[in-house]
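So this one's entry.csv, CSV, C-alpha atoms:
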chain,number,residue,atom,x,y,z
A,1,MET,CA,120.8,62.8,145.6
A,2,PRO,CA,117.5,63.4,143.8
A,3,ASP,CA,114.3,63.3,145.8
A,4,ASN,CA,112.6,60.7,143.7
A,5,THR,CA,112.2,58.1,146.4
A,6,ASN,CA,109.0,59.4,147.9
A,7,THR,CA,105.2,59.4,147.5
A,8,HIS,CA,103.1,62.5,147.5
A,9,THR,CA,99.7,63.2,148.8
A,10,THR,CA,98.2,66.6,149.3
A,11,ALA,CA,100.6,68.0,151.9
A,12,VAL,CA,102.3,64.8,152.9
A,13,VAL,CA,105.5,63.2,151.5
A,14,THR,CA,106.7,59.8,152.6
A,15,LEU,CA,110.3,58.8,151.9
A,16,TRP,CA,112.8,56.1,152.8
A,17,VAL,CA,115.4,57.4,155.2
A,18,ASN,CA,118.3,55.7,153.4
A,19,GLY,CA,117.1,56.9,150.0
A,20,GLN,CA,117.1,53.5,148.4
A,21,ASP,CA,114.6,51.1,150.1
A,22,SER,CA,112.5,50.7,153.2
A,23,ARG,CA,115.0,48.6,155.2
A,24,ASP,CA,116.0,51.5,157.5
A,25,GLY,CA,112.4,52.8,157.9
A,26,MET,CA,110.3,55.6,156.6
A,27,ALA,CA,109.9,59.3,157.4
A,28,THR,CA,106.7,61.3,156.8
A,29,LEU,CA,107.0,65.0,156.0
A,30,THR,CA,103.7,66.9,156.7
A,31,GLN,CA,103.6,70.3,155.2
A,32,ILE,CA,102.2,73.2,157.2
A,33,VAL,CA,102.4,76.9,156.9
A,34,ASP,CA,104.0,78.5,160.0
A,35,ALA,CA,101.7,81.3,161.2
A,36,THR,CA,104.6,83.1,163.0
A,37,GLY,CA,106.9,83.3,160.0
A,38,GLU,CA,104.5,82.6,157.2
A,39,HIS,CA,106.8,80.1,155.7
A,40,THR,CA,106.3,76.4,154.8
A,41,VAL,CA,107.6,73.9,157.4
A,42,HIS,CA,107.7,70.1,156.8
A,43,ILE,CA,107.2,68.4,160.2
A,44,VAL,CA,109.2,65.1,160.1
A,45,THR,CA,107.9,62.0,161.8
A,46,ILE,CA,109.4,58.6,161.7
A,47,ASP,CA,108.2,55.0,161.9
A,48,GLU,CA,109.4,52.4,164.5
A,49,ARG,CA,111.9,50.9,162.1
A,50,ALA,CA,113.7,54.2,161.5
A,51,ALA,CA,113.8,54.8,165.2
A,52,ALA,CA,115.3,51.4,165.9
A,53,CYS,CA,117.8,51.7,163.1
A,54,TYR,CA,119.1,55.0,164.4
A,55,GLY,CA,118.9,54.1,168.1
A,56,ILE,CA,116.2,56.6,169.0
A,57,PRO,CA,114.3,55.5,172.1
A,58,GLN,CA,110.6,54.9,171.6
A,59,PRO,CA,108.0,56.3,171.7
A,60,VAL,CA,109.2,59.0,169.4
A,61,SER,CA,107.5,60.2,166.3
A,62,VAL,CA,108.4,63.8,165.7
A,63,ILE,CA,112.1,64.4,165.2
A,64,GLY,CA,112.0,67.9,163.8
A,65,GLY,CA,111.2,70.1,160.9
A,66,LEU,CA,112.6,71.1,157.5
A,67,VAL,CA,112.4,74.5,155.8
A,68,ARG,CA,113.5,75.0,152.2
A,69,THR,CA,115.9,77.9,152.0
A,70,ARG,CA,117.8,79.0,148.8
A,71,GLY,CA,117.6,75.6,147.2
A,72,ARG,CA,118.7,73.7,150.3
A,73,TRP,CA,116.9,72.1,153.3
A,74,SER,CA,117.4,73.5,156.8
A,75,PRO,CA,116.7,70.8,159.4
A,76,THR,CA,115.8,71.8,163.0
A,77,ALA,CA,115.7,69.0,165.5
A,78,TYR,CA,112.9,69.1,168.1
A,79,ARG,CA,110.3,66.8,169.6
A,80,ASP,CA,107.6,69.5,169.8
A,81,ARG,CA,107.3,72.7,167.7
A,82,ALA,CA,106.2,74.6,170.8
A,83,HIS,CA,109.8,74.3,172.0
A,84,LEU,CA,110.9,76.6,169.2
A,85,LEU,CA,108.8,79.5,170.6
A,86,GLY,CA,108.5,78.9,174.3
A,87,GLY,CA,111.6,76.9,175.2
A,88,GLY,CA,111.4,74.1,177.7
A,89,GLY,CA,112.6,71.5,175.3
A,90,LEU,CA,115.6,70.5,173.2
A,91,VAL,CA,115.9,72.4,169.9
A,92,TYR,CA,119.0,72.1,167.7
A,93,PHE,CA,119.6,73.9,164.4
A,94,LEU,CA,121.5,71.6,162.1
A,95,PRO,CA,123.6,72.4,159.0
A,96,ASN,CA,121.7,72.8,155.7
A,97,ALA,CA,121.4,69.7,153.5
A,98,PRO,CA,121.2,69.5,149.7
A,99,SER,CA,118.1,67.2,149.7
A,100,ARG,CA,115.1,66.2,151.9
A,101,VAL,CA,116.5,62.7,152.3
A,102,ARG,CA,119.8,64.0,153.6
A,103,ALA,CA,118.1,66.5,155.9
A,104,VAL,CA,115.9,63.7,157.4
A,105,ARG,CA,119.0,61.5,157.9
A,106,ALA,CA,120.8,64.5,159.6
A,107,LEU,CA,117.8,64.7,162.0
A,108,LEU,CA,118.0,61.0,162.7
A,109,ARG,CA,121.7,61.0,163.2
A,110,TRP,CA,121.6,64.0,165.4
A,111,TRP,CA,119.0,62.3,167.7
A,112,PHE,CA,121.3,59.3,167.7
A,113,VAL,CA,124.2,61.6,169.0
A,114,VAL,CA,121.8,63.1,171.6
A,115,ALA,CA,120.8,59.6,172.9
A,116,ARG,CA,124.4,58.4,173.0
A,117,SER,CA,125.6,61.5,174.7
A,118,ALA,CA,122.8,61.2,177.3
A,119,ARG,CA,123.7,57.6,178.0
A,120,ASP,CA,127.3,58.7,178.5
A,121,GLY,CA,126.2,61.2,181.1
A,122,ALA,CA,126.3,64.4,179.0
A,123,ASP,CA,123.6,67.0,179.4
A,124,PRO,CA,121.7,67.2,176.1
A,125,HIS,CA,120.9,70.9,176.7
A,126,HIS,CA,124.6,71.6,176.3
A,127,LEU,CA,125.0,69.9,172.9
A,128,ASP,CA,125.5,72.1,169.9
A,129,PRO,CA,125.8,70.7,166.3
A,130,CYS,CA,128.0,73.7,165.3
A,131,GLN,CA,130.5,72.7,168.0
A,132,GLU,CA,130.9,69.1,166.6
A,133,SER,CA,134.1,68.3,164.7
A,134,PRO,CA,134.1,68.8,161.0
A,135,ALA,CA,134.1,65.0,160.5
A,136,SER,CA,131.0,64.7,162.7
A,137,ARG,CA,129.2,67.5,160.7
A,138,ARG,CA,130.1,65.7,157.4
A,139,TRP,CA,128.7,62.4,158.9
A,140,LEU,CA,125.5,64.2,159.9
A,141,LEU,CA,124.9,65.3,156.2
A,142,ALA,CA,126.1,62.1,154.5

This entry written out as structure tokens:
Amino acid sequence: MPDNTNTHTTAVVTLWVNGQDSRDGMATLTQIVDATGEHTVHIVTIDERAAACYGIPQPVSVIGGLVRTRGRWSPTAYRDRAHLLGGGGLVYFLPNAPSRVRAVRALLRWWFVVARSARDGADPHHLDPCQESPASRRWLLA
């Protein structure tokens, strides 16, 4: 799916999470240069509509980050970038996606899985996207 459903400003891209229209909400990707690895990271925040569509409890804005690697997008789910370095929070490395839109949807769907699992009594610290079934991994990237 081409990434032509977005608007650009200097280091910010806004795109529709379903890739077609704004019914399912918007995501904003804010580009920063990671001082630790000296690579570009796109911090992903969502609006209230996207949170509601994907069953993500509010108030949530940051759902993770994207890094472009070898022509694909590597999504990492977190609520705070500090969790990547110092621990103390949930961090999940998701499968690579072919486009930014799909990578954002993977983040949204993963947080849906986390919220559902927590409601069902599972400990979110023990969830691992790599241990999900192949069908679940395909659904994450659809």

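The space separating atom CA of A:Val114 from atom CA of A:Gly71 comes to 27.7 Å.
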
- Rank nothing, just name the residue among A:Ile46, A:Leu66, A:Ala115, A:Met26 nearest to A:Arg100, using only C-alpha atoms.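 Checking each of A:Ile46, A:Leu66, A:Ala115, A:Met26 against A:Arg100, counting only C-alpha atoms, the winner is A:Leu66.
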
- Which neighbours of A:Pro98 fall inside 10 Å, counting only C-alpha atoms, when residues of the same chain fewer than 2 positions from it are skipped, and could you give them as a list in words?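 Near neighbours after the sequence-gap exclusion: Met1, Pro2, Arg68, Gly71, Arg72, Trp73, Ser74, Asn96, Arg100, Val101, Arg102, Ala103 and Leu141 of chain A.
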
- Surrounding residues of stretch 84-89 of chain A excluding itself and chain neighbours under 5 positions, 9 Å, only C-alpha atoms, as a list in words: Tyr78, Arg79 and His125 of chain A

- Message: Under the rule that all atoms listed in the file are counted, which of A:Arg105, A:Arg81, A:Arg23, A:Arg70 is the nearest residue to A:Ile43?
- Response: A:Arg81

- Message: Measuring between only C-alpha atoms, which one of A:Trp139, A:Asp123, A:Leu94, A:Val12 shows the shortest distance to A:Ile32?
- Response: A:Val12

- Item | Length of the atom CA of A:Cys53 to atom CA of A:Thr69 vector [Å] |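 For atom CA of A:Cys53 relative to atom CA of A:Thr69, the distance reads 28.5 Å.
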
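Straight-line separation from atom CA of A:Ala50 to atom CA of A:Val33: 25.8 Å.
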
- Message: With all atoms listed in the file as the counted atoms, please give the residues lying no more than 8 Å from A:Phe93, apart from itself and same-chain residues fewer than 6 positions off, as a PyMOL selection string.
- Response: chain A and resi 74-77+129

- Task: Kindly indicate which residue among A:Pro95, A:Val17, A:Arg109, A:Thr40 lies nearest to A:Pro134, using all atoms listed in the file for the distances.
- Result: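 Of the candidates, the smallest distance to A:Pro134 is held by A:Pro95.
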
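The nearest approach to A:Leu90 among the residues A:Asp128, A:Asp21, A:His42, A:Ala106, with all atoms listed in the file taken into account, belongs to A:Asp128.
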
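Residue nearest A:Gly25 within the list A:Tyr92, A:Pro57, A:Ala11, A:Val104: A:Val104 [criterion: smallest interatomic distance, all atoms listed in the file].
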
Could stretch 71-97 of chain A be completed with N, CA and C atoms and returned as a PDB file, keeping the file's coordinate frame?
ATOM      1  N   GLY A  71     117.298  76.794 147.882  1.00  0.00           N
ATOM      2  CA  GLY A  71     117.600  75.600 147.200  1.00  0.00           C
ATOM      3  C   GLY A  71     118.175  74.460 148.084  1.00  0.00           C
ATOM      4  N   ARG A  72     118.234  74.673 149.386  1.00  0.00           N
ATOM      5  CA  ARG A  72     118.700  73.700 150.300  1.00  0.00           C
ATOM      6  C   ARG A  72     117.662  73.459 151.400  1.00  0.00           C
ATOM      7  N   TRP A  73     117.832  72.417 152.194  1.00  0.00           N
ATOM      8  CA  TRP A  73     116.900  72.100 153.300  1.00  0.00           C
ATOM      9  C   TRP A  73     117.541  72.364 154.614  1.00  0.00           C
ATOM     10  N   SER A  74     116.877  73.156 155.430  1.00  0.00           N
ATOM     11  CA  SER A  74     117.400  73.500 156.800  1.00  0.00           C
ATOM     12  C   SER A  74     116.639  72.658 157.802  1.00  0.00           C
ATOM     13  N   PRO A  75     117.340  71.665 158.395  1.00  0.00           N
ATOM     14  CA  PRO A  75     116.700  70.800 159.400  1.00  0.00           C
ATOM     15  C   PRO A  75     116.855  71.433 160.809  1.00  0.00           C
ATOM     16  N   THR A  76     115.780  71.364 161.578  1.00  0.00           N
ATOM     17  CA  THR A  76     115.800  71.800 163.000  1.00  0.00           C
ATOM     18  C   THR A  76     115.276  70.592 163.784  1.00  0.00           C
ATOM     19  N   ALA A  77     116.082  70.117 164.718  1.00  0.00           N
ATOM     20  CA  ALA A  77     115.700  69.000 165.500  1.00  0.00           C
ATOM     21  C   ALA A  77     114.939  69.424 166.763  1.00  0.00           C
ATOM     22  N   TYR A  78     113.752  68.868 166.932  1.00  0.00           N
ATOM     23  CA  TYR A  78     112.900  69.100 168.100  1.00  0.00           C
ATOM     24  C   TYR A  78     111.914  67.990 168.223  1.00  0.00           C
ATOM     25  N   ARG A  79     111.342  67.843 169.408  1.00  0.00           N
ATOM     26  CA  ARG A  79     110.300  66.800 169.600  1.00  0.00           C
ATOM     27  C   ARG A  79     108.901  67.493 169.551  1.00  0.00           C
ATOM     28  N   ASP A  80     108.862  68.804 169.794  1.00  0.00           N
ATOM     29  CA  ASP A  80     107.600  69.500 169.800  1.00  0.00           C
ATOM     30  C   ASP A  80     107.849  70.922 169.280  1.00  0.00           C
ATOM     31  N   ARG A  81     107.069  71.351 168.278  1.00  0.00           N
ATOM     32  CA  ARG A  81     107.300  72.700 167.700  1.00  0.00           C
ATOM     33  C   ARG A  81     107.131  73.795 168.686  1.00  0.00           C
ATOM     34  N   ALA A  82     106.382  73.572 169.752  1.00  0.00           N
ATOM     35  CA  ALA A  82     106.200  74.600 170.800  1.00  0.00           C
ATOM     36  C   ALA A  82     107.545  74.953 171.427  1.00  0.00           C
ATOM     37  N   HIS A  83     108.493  74.039 171.399  1.00  0.00           N
ATOM     38  CA  HIS A  83     109.800  74.300 172.000  1.00  0.00           C
ATOM     39  C   HIS A  83     110.553  75.412 171.236  1.00  0.00           C
ATOM     40  N   LEU A  84     110.250  75.571 169.953  1.00  0.00           N
ATOM     41  CA  LEU A  84     110.900  76.600 169.200  1.00  0.00           C
ATOM     42  C   LEU A  84     110.538  78.019 169.710  1.00  0.00           C
ATOM     43  N   LEU A  85     109.307  78.170 170.147  1.00  0.00           N
ATOM     44  CA  LEU A  85     108.800  79.500 170.600  1.00  0.00           C
ATOM     45  C   LEU A  85     108.962  79.709 172.062  1.00  0.00           C
ATOM     46  N   GLY A  86     108.604  78.699 172.853  1.00  0.00           N
ATOM     47  CA  GLY A  86     108.500  78.900 174.300  1.00  0.00           C
ATOM     48  C   GLY A  86     109.657  78.291 175.091  1.00  0.00           C
ATOM     49  N   GLY A  87     110.571  77.608 174.431  1.00  0.00           N
ATOM     50  CA  GLY A  87     111.600  76.900 175.200  1.00  0.00           C
ATOM     51  C   GLY A  87     111.063  75.730 175.914  1.00  0.00           C
ATOM     52  N   GLY A  88     111.803  75.279 176.898  1.00  0.00           N
ATOM     53  CA  GLY A  88     111.400  74.100 177.700  1.00  0.00           C
ATOM     54  C   GLY A  88     111.706  72.801 177.107  1.00  0.00           C
ATOM     55  N   GLY A  89     112.223  72.757 175.917  1.00  0.00           N
ATOM     56  CA  GLY A  89     112.600  71.500 175.300  1.00  0.00           C
ATOM     57  C   GLY A  89     113.852  71.641 174.480  1.00  0.00           C
ATOM     58  N   LEU A  90     114.327  70.533 174.003  1.00  0.00           N
ATOM     59  CA  LEU A  90     115.600  70.500 173.200  1.00  0.00           C
ATOM     60  C   LEU A  90     115.269  70.963 171.789  1.00  0.00           C
ATOM     61  N   VAL A  91     116.036  71.931 171.306  1.00  0.00           N
ATOM     62  CA  VAL A  91     115.900  72.400 169.900  1.00  0.00           C
ATOM     63  C   VAL A  91     117.375  72.568 169.424  1.00  0.00           C
ATOM     64  N   TYR A  92     117.660  71.992 168.257  1.00  0.00           N
ATOM     65  CA  TYR A  92     119.000  72.100 167.700  1.00  0.00           C
ATOM     66  C   TYR A  92     118.858  72.469 166.194  1.00  0.00           C
ATOM     67  N   PHE A  93     119.602  73.472 165.779  1.00  0.00           N
ATOM     68  CA  PHE A  93     119.600  73.900 164.400  1.00  0.00           C
ATOM     69  C   PHE A  93     120.798  73.226 163.710  1.00  0.00           C
ATOM     70  N   LEU A  94     120.509  72.387 162.733  1.00  0.00           N
ATOM     71  CA  LEU A  94     121.500  71.600 162.100  1.00  0.00           C
ATOM     72  C   LEU A  94     121.968  72.256 160.771  1.00  0.00           C
ATOM     73  N   PRO A  95     123.128  71.838 160.246  1.00  0.00           N
ATOM     74  CA  PRO A  95     123.600  72.400 159.000  1.00  0.00           C
ATOM     75  C   PRO A  95     122.622  72.101 157.824  1.00  0.00           C
ATOM     76  N   ASN A  96     122.564  72.981 156.853  1.00  0.00           N
ATOM     77  CA  ASN A  96     121.700  72.800 155.700  1.00  0.00           C
ATOM     78  C   ASN A  96     122.147  71.565 154.893  1.00  0.00           C
ATOM     79  N   ALA A  97     121.174  70.912 154.269  1.00  0.00           N
ATOM     80  CA  ALA A  97     121.400  69.700 153.500  1.00  0.00           C
ATOM     81  C   ALA A  97     120.941  69.941 152.045  1.00  0.00           C
TER      82      ALA A  97
END
